[in-house]
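Source file: data-v8.txt; contents: compact mmCIF, C-alpha atoms.
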# COMPACT_ATOMS: atom_id res chain seq x y z
CA MET J 112 21.60 -21.46 13.91
CA SER J 113 19.53 -22.19 10.86
CA PRO J 114 21.22 -21.60 7.51
CA GLU J 115 20.55 -18.35 5.72
CA PRO J 116 18.02 -18.69 2.87
CA SER J 117 19.59 -18.90 -0.54
CA THR J 118 19.46 -15.79 -2.70
CA ASP J 119 20.52 -17.58 -5.86
CA PRO J 120 17.56 -17.52 -8.27
CA ASN J 121 18.79 -20.80 -9.78
CA THR J 122 18.49 -22.67 -6.49
CA ASP J 123 15.74 -20.89 -4.56
CA PRO J 124 12.26 -21.94 -5.83
CA ASN J 125 10.66 -18.96 -4.11
CA THR J 126 12.70 -16.44 -6.06
CA GLU J 127 11.09 -14.79 -9.07
CA PRO J 128 13.11 -14.65 -12.28
CA ALA J 129 14.94 -11.41 -12.91
CA ALA J 130 12.72 -8.49 -13.80
CA VAL J 131 14.17 -8.39 -17.29
CA ASN J 132 12.82 -11.86 -18.13
CA PRO J 133 9.14 -10.88 -18.58
CA ALA J 134 10.23 -8.02 -20.83
CA ARG J 135 12.25 -10.41 -22.96
CA ARG J 136 9.32 -12.81 -23.20
CA ALA J 137 7.05 -9.94 -24.22
CA TRP J 138 9.47 -9.06 -27.00
CA VAL J 139 9.34 -12.67 -28.21
CA LEU J 140 5.54 -12.35 -28.34
CA VAL J 141 5.78 -9.08 -30.27
CA ALA J 142 8.35 -10.42 -32.75
CA VAL J 143 6.30 -13.56 -33.49
CA ALA J 144 3.09 -11.54 -33.83
CA VAL J 145 4.64 -8.95 -36.16
CA PHE J 146 6.22 -11.58 -38.40
CA ALA J 147 3.09 -13.74 -38.65
CA LEU J 148 0.81 -10.72 -39.16
CA ALA J 149 3.05 -9.30 -41.90
CA LEU J 150 3.11 -12.67 -43.67
CA ASP J 151 -0.69 -12.97 -43.45
CA MET J 152 -1.31 -9.46 -44.81
CA LEU J 153 1.28 -9.88 -47.58
CA THR J 154 -0.20 -13.15 -48.83
CA LYS J 155 -3.75 -11.74 -48.74
CA THR J 156 -2.64 -8.67 -50.70
CA LEU J 157 -0.94 -10.80 -53.34
CA VAL J 158 -3.81 -13.23 -53.89
CA VAL J 159 -6.41 -10.45 -53.99
CA ALA J 160 -4.35 -8.54 -56.57
CA ASP J 161 -3.27 -11.46 -58.75
CA LEU J 162 -5.85 -14.24 -58.38
CA GLU J 163 -9.20 -12.76 -57.41
CA PRO J 164 -9.73 -10.49 -60.46
CA HIS J 165 -9.25 -13.43 -62.82
CA HIS J 166 -11.00 -16.05 -60.65
CA ASP J 167 -7.86 -18.15 -60.97
CA THR J 168 -7.16 -21.33 -59.04
CA VAL J 169 -3.52 -22.32 -58.61
CA ARG J 170 -2.61 -25.98 -58.04
CA LEU J 171 0.46 -26.58 -55.86
CA LEU J 172 2.40 -29.56 -54.49
CA GLY J 173 0.80 -32.01 -56.90
CA GLY J 174 -2.74 -31.16 -55.80
CA VAL J 175 -2.13 -31.17 -52.04
CA LEU J 176 -2.69 -27.40 -51.88
CA TYR J 177 -4.75 -25.01 -53.99
CA LEU J 178 -4.86 -21.21 -53.98
CA ASP J 179 -8.51 -20.28 -54.39
CA VAL J 180 -9.75 -16.88 -53.14
CA ILE J 181 -13.07 -16.60 -51.33
CA ARG J 182 -14.53 -13.93 -49.04
CA ASN J 183 -15.59 -15.34 -45.67
CA SER J 184 -18.06 -13.61 -43.36
CA GLY J 185 -17.52 -16.19 -40.62
CA ALA J 186 -14.77 -17.34 -38.30
CA ALA J 187 -11.76 -19.53 -39.01
CA PHE J 188 -12.42 -22.26 -41.58
CA SER J 189 -15.75 -20.60 -42.55
CA MET J 190 -17.46 -21.33 -39.22
CA ALA J 191 -20.16 -19.01 -37.80
CA THR J 192 -20.89 -17.49 -41.19
CA GLY J 193 -22.95 -14.31 -40.97
CA MET J 194 -21.80 -13.35 -37.45
CA THR J 195 -19.03 -11.01 -38.59
CA TRP J 196 -19.66 -8.19 -36.12
CA VAL J 197 -19.78 -10.61 -33.18
CA LEU J 198 -16.52 -12.23 -34.29
CA SER J 199 -14.96 -8.77 -34.63
CA LEU J 200 -15.80 -7.95 -31.01
CA ILE J 201 -14.45 -11.32 -29.87
CA ALA J 202 -11.21 -10.65 -31.76
CA VAL J 203 -10.88 -7.26 -30.05
CA ALA J 204 -11.38 -8.93 -26.64
CA VAL J 205 -8.70 -11.54 -27.47
CA VAL J 206 -6.23 -8.84 -28.49
CA VAL J 207 -6.86 -6.86 -25.29
CA ALA J 208 -6.46 -9.99 -23.13
CA ILE J 209 -3.13 -10.91 -24.75
CA ILE J 210 -1.82 -7.36 -24.34
CA TRP J 211 -2.79 -7.53 -20.65
CA VAL J 212 -0.96 -10.85 -20.17
CA ALA J 213 2.19 -9.85 -22.10
CA PRO J 214 4.01 -7.98 -19.28
CA ARG J 215 3.61 -11.03 -17.00
CA LEU J 216 5.04 -13.61 -19.39
CA ARG J 217 7.92 -15.76 -18.17
CA SER J 218 7.56 -18.61 -20.68
CA VAL J 219 8.98 -18.61 -24.21
CA GLY J 220 6.46 -21.26 -25.28
CA TRP J 221 3.56 -19.16 -24.05
CA ALA J 222 5.07 -16.09 -25.72
CA VAL J 223 5.27 -17.86 -29.09
CA GLY J 224 1.77 -19.32 -28.74
CA LEU J 225 0.19 -16.03 -27.71
CA GLY J 226 2.11 -14.21 -30.43
CA LEU J 227 0.64 -16.53 -33.08
CA VAL J 228 -2.88 -16.16 -31.67
CA LEU J 229 -2.46 -12.37 -31.54
CA ALA J 230 -1.29 -12.27 -35.15
CA GLY J 231 -4.18 -14.44 -36.29
CA ALA J 232 -6.77 -12.39 -34.43
CA LEU J 233 -5.34 -9.11 -35.76
CA GLY J 234 -4.98 -10.45 -39.31
CA ASN J 235 -8.63 -11.37 -39.61
CA LEU J 236 -9.74 -8.32 -37.61
CA VAL J 237 -8.01 -6.02 -40.11
CA ASP J 238 -10.07 -7.65 -42.87
CA ARG J 239 -13.29 -7.24 -40.90
CA ILE J 240 -12.61 -3.57 -40.28
CA PHE J 241 -11.27 -2.43 -43.65
CA ARG J 242 -12.77 -4.74 -46.27
CA ALA J 243 -16.25 -4.68 -47.82
CA PRO J 244 -19.07 -4.47 -46.97
CA GLY J 245 -18.05 -2.20 -44.07
CA PRO J 246 -16.34 -1.73 -40.69
CA LEU J 247 -16.75 -4.72 -38.34
CA ARG J 248 -18.70 -6.45 -41.14
CA GLY J 249 -15.90 -6.93 -43.65
CA HIS J 250 -15.37 -10.35 -45.16
CA VAL J 251 -12.08 -12.13 -44.47
CA VAL J 252 -9.89 -13.18 -47.41
CA ASP J 253 -9.40 -16.96 -47.40
CA PHE J 254 -7.34 -18.63 -50.10
CA LEU J 255 -5.81 -21.94 -48.95
CA SER J 256 -7.66 -25.12 -49.89
CA VAL J 257 -6.18 -28.56 -49.23
CA PHE J 258 -6.64 -31.72 -51.34
CA GLY J 259 -9.14 -30.03 -53.65
CA ALA J 260 -10.12 -26.64 -55.05
CA ASN J 261 -12.82 -24.40 -53.56
CA GLY J 262 -12.87 -26.15 -50.20
CA ARG J 263 -14.08 -29.44 -51.64
CA TYR J 264 -12.63 -31.55 -48.82
CA TYR J 265 -11.74 -29.01 -46.14
CA PRO J 266 -12.87 -25.42 -45.50
CA VAL J 267 -10.79 -22.73 -47.20
CA PHE J 268 -8.58 -20.83 -44.75
CA ASN J 269 -5.73 -18.32 -44.55
CA LEU J 270 -2.46 -17.90 -42.65
CA ALA J 271 -4.21 -16.04 -39.82
CA ASP J 272 -6.44 -19.06 -39.23
CA SER J 273 -3.37 -21.30 -39.23
CA ALA J 274 -1.59 -19.03 -36.74
CA ILE J 275 -4.57 -19.15 -34.37
CA CYS J 276 -4.72 -22.96 -34.53
CA VAL J 277 -0.97 -23.53 -34.12
CA GLY J 278 -0.76 -20.99 -31.31
CA GLY J 279 -3.77 -22.48 -29.57
CA VAL J 280 -2.32 -26.01 -29.74
CA LEU J 281 1.00 -24.77 -28.36
CA ILE J 282 -0.74 -23.01 -25.44
CA VAL J 283 -2.74 -26.16 -24.63
CA LEU J 284 0.44 -28.25 -24.67
CA MET J 285 2.21 -25.80 -22.38
CA ALA J 286 -0.69 -25.98 -19.94
CA LEU J 287 -0.83 -29.79 -20.08
CA PHE J 288 2.86 -30.04 -19.29
CA GLY J 289 2.53 -27.74 -16.32
CA HIS J 290 4.04 -24.56 -17.76
CA ASP J 291 1.93 -21.53 -16.86
CA TYR J 292 2.43 -18.23 -18.66
CA ASP J 293 4.03 -16.71 -15.55
CA GLY J 294 5.89 -19.85 -14.46
CA GLY J 295 3.56 -20.37 -11.49
CA VAL J 296 2.66 -24.01 -12.07
CA ALA J 297 6.27 -25.05 -12.48
CA ARG J 298 7.32 -23.19 -9.32
CA ARG J 299 4.51 -24.69 -7.25
CA HIS J 300 5.41 -28.17 -8.50
CA LYS J 301 9.05 -27.63 -7.54
CA LEU J 302 8.07 -26.30 -4.11
CA ALA J 303 5.85 -29.34 -3.50
CA GLN J 304 8.66 -31.70 -4.49
CA THR J 305 11.09 -29.88 -2.19
CA ALA J 306 8.64 -30.06 0.71
CA ARG J 307 8.08 -33.80 0.20
CA THR J 308 11.83 -34.44 -0.03
CA SER J 309 12.51 -32.45 3.14
CA SER J 310 9.76 -34.17 5.13
CA SER J 311 10.87 -37.65 4.04
CA SER J 312 14.52 -36.97 4.93
CA GLU J 313 13.82 -35.69 8.45
CA PRO J 314 14.66 -38.28 11.15
CA ARG J 315 11.65 -39.64 13.01
CA ARG J 316 11.57 -39.28 16.81
What do you get writing this file as structure tokens?
Amino acid sequence: MSPEPSTDPNTDPNTEPAAVNPARRAWVLVAVAVFALALDMLTKTLVVADLEPHHDTVRLLGGVLYLDVIRNSGAAFSMATGMTWVLSLIAVAVVVAIIWVAPRLRSVGWAVGLGLVLAGALGNLVDRIFRAPGPLRGHVVDFLSVFGANGRYYPVFNLADSAICVGGVLIVLMALFGHDYDGGVARRHKLAQTARTSSSSEPRR
């Protein structure tokens, strides 16, 4: 008689993780997104209230970083200037896609990466909806300038832009190392290894 298939999820590569796992990963995504979004909105509120009215520039870290408020009608790092409404619709699509993926998450790395991207998309989308000159055309508040004031050496950006970039890099790394958002790549790799091991260990007739 052939042995009964294992029901231990730690040893059986065909077994899905427990149903609670995706929910936990989704909560990681939510927690990261809420924290990063709150930090982005808080910093924008502070610099708009304290720096923008006086046109102040604050030098930090010996000139490595400057706080210098500008209003950006483009994408991250002032790209695609003048296409605010298009970027707003793209941000909405990104948010919807991440919400759709969230219940299927089984990877902490993907949850963190998607949470950062979600926070960045929402942070800039809030600006485009609620700031002047109007809904879906609002200009994003950028205030971080590195190595020189007023974006002299590098485009001025904000924490939402940084969250999108860091989250995007993390997602790319997860994909390169074979970790899919639902664990599929890792499981297929393990199944392939098991099949090769089994076939090589079978005695030849």
Coordinates-based distance that separates atom CA of J:Leu200 from atom CA of J:Val143 (Å, one decimal): 22.9 Å
Gap from atom CA of J:Gly231 to atom CA of J:Val257 - Å, one decimal: 19.3 Å
Which of J:Gly173, J:Pro133, J:Gly234, J:Pro164 sits closest to J:Ala149 [using all atoms listed in the file]: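 The closest residue to J:Ala149 is J:Gly234.
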Selection: 12 Å around J:Val280, only C-alpha atoms, excl. self and same-chain fewer than 3 positions, as a PyMOL selection string: chain J and resi 220-221+223-225+227-228+273-277+283-287
Minimum-distance residue to J:Val197, chosen among J:Gly249, J:Glu163, J:Ser218, J:Thr156 (using all atoms listed in the file): J:Gly249
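Among the candidates J:Val175, J:Ala204, J:Ala222, J:Leu216, the residue lying nearest to J:Gly262 is J:Val175 (atoms considered: only C-alpha atoms).
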Because some atoms of stretch 238-249 of chain J are absent here, can you restore all heavy atoms and send them as an mmCIF file, in the coordinates of the input?
data_model
loop_
_atom_site.group_PDB
_atom_site.id
_atom_site.type_symbol
_atom_site.label_atom_id
_atom_site.label_comp_id
_atom_site.auth_asym_id
_atom_site.auth_seq_id
_atom_site.Cartn_x
_atom_site.Cartn_y
_atom_site.Cartn_z
ATOM 1 N N ASP J 238 -9.144 -7.406 -41.755
ATOM 2 C CA ASP J 238 -10.070 -7.650 -42.870
ATOM 3 C C ASP J 238 -11.483 -7.207 -42.512
ATOM 4 O O ASP J 238 -12.186 -6.575 -43.311
ATOM 5 C CB ASP J 238 -10.083 -9.132 -43.236
ATOM 6 C CG ASP J 238 -8.884 -9.528 -44.079
ATOM 7 O OD1 ASP J 238 -8.018 -8.663 -44.321
ATOM 8 O OD2 ASP J 238 -8.795 -10.701 -44.486
ATOM 9 N N ARG J 239 -11.916 -7.554 -41.300
ATOM 10 C CA ARG J 239 -13.290 -7.240 -40.900
ATOM 11 C C ARG J 239 -13.521 -5.743 -40.731
ATOM 12 O O ARG J 239 -14.648 -5.268 -40.857
ATOM 13 C CB ARG J 239 -13.638 -7.985 -39.614
ATOM 14 C CG ARG J 239 -13.686 -9.492 -39.790
ATOM 15 C CD ARG J 239 -14.224 -10.214 -38.560
ATOM 16 N NE ARG J 239 -14.306 -11.645 -38.813
ATOM 17 C CZ ARG J 239 -13.507 -12.559 -38.293
ATOM 18 N NH1 ARG J 239 -12.547 -12.181 -37.458
ATOM 19 N NH2 ARG J 239 -13.641 -13.827 -38.578
ATOM 20 N N ILE J 240 -12.458 -5.017 -40.441
ATOM 21 C CA ILE J 240 -12.610 -3.570 -40.280
ATOM 22 C C ILE J 240 -12.516 -2.840 -41.612
ATOM 23 O O ILE J 240 -13.304 -1.916 -41.887
ATOM 24 C CB ILE J 240 -11.533 -3.028 -39.310
ATOM 25 C CG1 ILE J 240 -11.793 -3.545 -37.885
ATOM 26 C CG2 ILE J 240 -11.509 -1.498 -39.311
ATOM 27 C CD1 ILE J 240 -10.716 -3.155 -36.891
ATOM 28 N N PHE J 241 -11.588 -3.234 -42.475
ATOM 29 C CA PHE J 241 -11.270 -2.430 -43.650
ATOM 30 C C PHE J 241 -11.813 -2.984 -44.974
ATOM 31 O O PHE J 241 -11.811 -2.269 -45.979
ATOM 32 C CB PHE J 241 -9.757 -2.267 -43.774
ATOM 33 C CG PHE J 241 -9.162 -1.461 -42.652
ATOM 34 C CD1 PHE J 241 -8.435 -2.078 -41.647
ATOM 35 C CD2 PHE J 241 -9.357 -0.088 -42.585
ATOM 36 C CE1 PHE J 241 -7.890 -1.346 -40.608
ATOM 37 C CE2 PHE J 241 -8.820 0.659 -41.550
ATOM 38 C CZ PHE J 241 -8.081 0.034 -40.558
ATOM 39 N N ARG J 242 -12.273 -4.206 -45.004
ATOM 40 C CA ARG J 242 -12.770 -4.740 -46.270
ATOM 41 C C ARG J 242 -14.285 -4.628 -46.358
ATOM 42 O O ARG J 242 -14.973 -4.412 -45.361
ATOM 43 C CB ARG J 242 -12.329 -6.200 -46.450
ATOM 44 C CG ARG J 242 -10.814 -6.370 -46.543
ATOM 45 C CD ARG J 242 -10.422 -7.766 -46.981
ATOM 46 N NE ARG J 242 -8.983 -7.973 -46.896
ATOM 47 C CZ ARG J 242 -8.112 -7.650 -47.850
ATOM 48 N NH1 ARG J 242 -8.542 -7.097 -48.984
ATOM 49 N NH2 ARG J 242 -6.817 -7.868 -47.689
ATOM 50 N N ALA J 243 -14.796 -4.763 -47.587
ATOM 51 C CA ALA J 243 -16.250 -4.680 -47.820
ATOM 52 C C ALA J 243 -16.946 -5.832 -47.106
ATOM 53 O O ALA J 243 -16.362 -6.906 -46.904
ATOM 54 C CB ALA J 243 -16.507 -4.733 -49.332
ATOM 55 N N PRO J 244 -18.201 -5.619 -46.649
ATOM 56 C CA PRO J 244 -19.070 -4.470 -46.970
ATOM 57 C C PRO J 244 -18.977 -3.290 -46.022
ATOM 58 O O PRO J 244 -19.646 -2.276 -46.256
ATOM 59 C CB PRO J 244 -20.470 -5.090 -46.883
ATOM 60 C CG PRO J 244 -20.338 -6.161 -45.851
ATOM 61 C CD PRO J 244 -18.964 -6.713 -46.014
ATOM 62 N N GLY J 245 -18.156 -3.351 -44.944
ATOM 63 C CA GLY J 245 -18.050 -2.200 -44.070
ATOM 64 C C GLY J 245 -17.353 -2.541 -42.771
ATOM 65 O O GLY J 245 -17.090 -3.716 -42.471
ATOM 66 N N PRO J 246 -17.045 -1.508 -41.961
ATOM 67 C CA PRO J 246 -16.340 -1.730 -40.690
ATOM 68 C C PRO J 246 -17.057 -2.718 -39.777
ATOM 69 O O PRO J 246 -18.278 -2.645 -39.607
ATOM 70 C CB PRO J 246 -16.306 -0.322 -40.073
ATOM 71 C CG PRO J 246 -16.398 0.604 -41.241
ATOM 72 C CD PRO J 246 -17.284 -0.085 -42.228
ATOM 73 N N LEU J 247 -16.279 -3.647 -39.212
ATOM 74 C CA LEU J 247 -16.750 -4.720 -38.340
ATOM 75 C C LEU J 247 -17.646 -5.724 -39.056
ATOM 76 O O LEU J 247 -18.114 -6.673 -38.450
ATOM 77 C CB LEU J 247 -17.471 -4.164 -37.100
ATOM 78 C CG LEU J 247 -16.633 -3.311 -36.154
ATOM 79 C CD1 LEU J 247 -17.468 -2.903 -34.945
ATOM 80 C CD2 LEU J 247 -15.381 -4.043 -35.690
ATOM 81 N N ARG J 248 -17.895 -5.510 -40.351
ATOM 82 C CA ARG J 248 -18.700 -6.450 -41.140
ATOM 83 C C ARG J 248 -17.945 -6.944 -42.358
ATOM 84 O O ARG J 248 -18.493 -7.663 -43.189
ATOM 85 C CB ARG J 248 -20.008 -5.773 -41.576
ATOM 86 C CG ARG J 248 -20.908 -5.368 -40.426
ATOM 87 C CD ARG J 248 -22.178 -4.675 -40.907
ATOM 88 N NE ARG J 248 -21.892 -3.379 -41.526
ATOM 89 C CZ ARG J 248 -22.054 -3.106 -42.818
ATOM 90 N NH1 ARG J 248 -22.498 -4.050 -43.633
ATOM 91 N NH2 ARG J 248 -21.783 -1.909 -43.287
ATOM 92 N N GLY J 249 -16.682 -6.544 -42.483
ATOM 93 C CA GLY J 249 -15.900 -6.930 -43.650
ATOM 94 C C GLY J 249 -15.667 -8.428 -43.728
ATOM 95 O O GLY J 249 -15.574 -9.108 -42.706
#
